[in-house]
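In what follows, a structure is listed as structure tokens, so that the remarks can point back to it.
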Amino acid sequence: MSSSPSLLPSDTNTLSTSVLSPLHLAKVQESHVEEIVRKMKSCTCTLDPIPTALLKSHIPTRSPFITKVVNLSLQSGCVPPALKVAVIRPLLKKPTLDAEVLANYRLISILAFLSKVLEKVIASQLKDNLKHNILYEQFQSGFCSAHSTETAVLRVTNDLLMTADAGSPSLLILLDLTAAFDSVDHYTILLERLHTTIGLSGSALKWFQSYLSGRTACLGEIKAWMRNNFLQLNSNKTEALLVGTLQQVQSPFITHLTFDSQVIPLSSSH
């Protein structure tokens, strides 16, 4: 998959980031990496060279290598392409739904273990920066320490009861967004918000741009199966179709796929 064009916002669009403490991606120590790995689930992806449980049981000898990869990514502001490959698996949204209906599935991206370690290192530094600059939304419950859907419900319930005790009724409106996460514009709006609202710039913003661009689905197993069965790809008759909402399929960050050294253009058919 081709990398996206440069989408780093210009400094002229900065709002008031000068009052914020900028996020500098700091090198991590082996002890910190070991702590992160020990707390992670022992889930293994088919992309992992060794089982995660085995890696965790020998983490003192493996942490120097993992730490070096993580720090090189932080210093360069670049996520290695191998860590942006995912195995895509369909999962029923609810066990009671009809398994024959494709709309009842959601796609799960399963990343290599090392990729998840890198994500947790970055998430830790970003959260510390958000907390230091008091950038969390006042009523945010998601992705906040000691907060959850339960705390959100408790807050709303408390507000309703307090208002009722004060002698006033309340109108509660529950809004639901269709495919909210999938419809997020990662490549323009999200990067712009990270720059203007959060205050990311330089190598930190470059890292997030690298993280969000050039991601692929795993075709390695198909390639291996074809090779083992002496089959050759006919690139002239191979097509790729981007499926999604009108806004999603018009996004310019994907232009073609590369499979077994063959360039596969995206079809414009709908």
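Labeling convention for the structure tokens: chains A, B, ... as they appear, residues from 1 per chain, ligands from 1 in order of appearance.
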
Near-segment 80-87 of chain A list (12 Å; only C-alpha atoms; drop same-chain fewer than 3 positions) as a PyMOL selection string:
chain A and resi 1-3+44-48+69-74+76-77+90+107-119+207+210-222

I need the residues of segment 40-242 of chain A that end up classed as alpha helix (DSSP H) by DSSP on the backbone, written out as an MDAnalysis selection string.
chainID A and resid 52:57 59:76 113:132 149:165 191:196 202:212 220:228

Just the residues within 10 Å of segment 23-39 of chain A, please, counting only C-alpha atoms, with nothing from its chain fewer than 5 positions along; format it as a count of residues only.
45
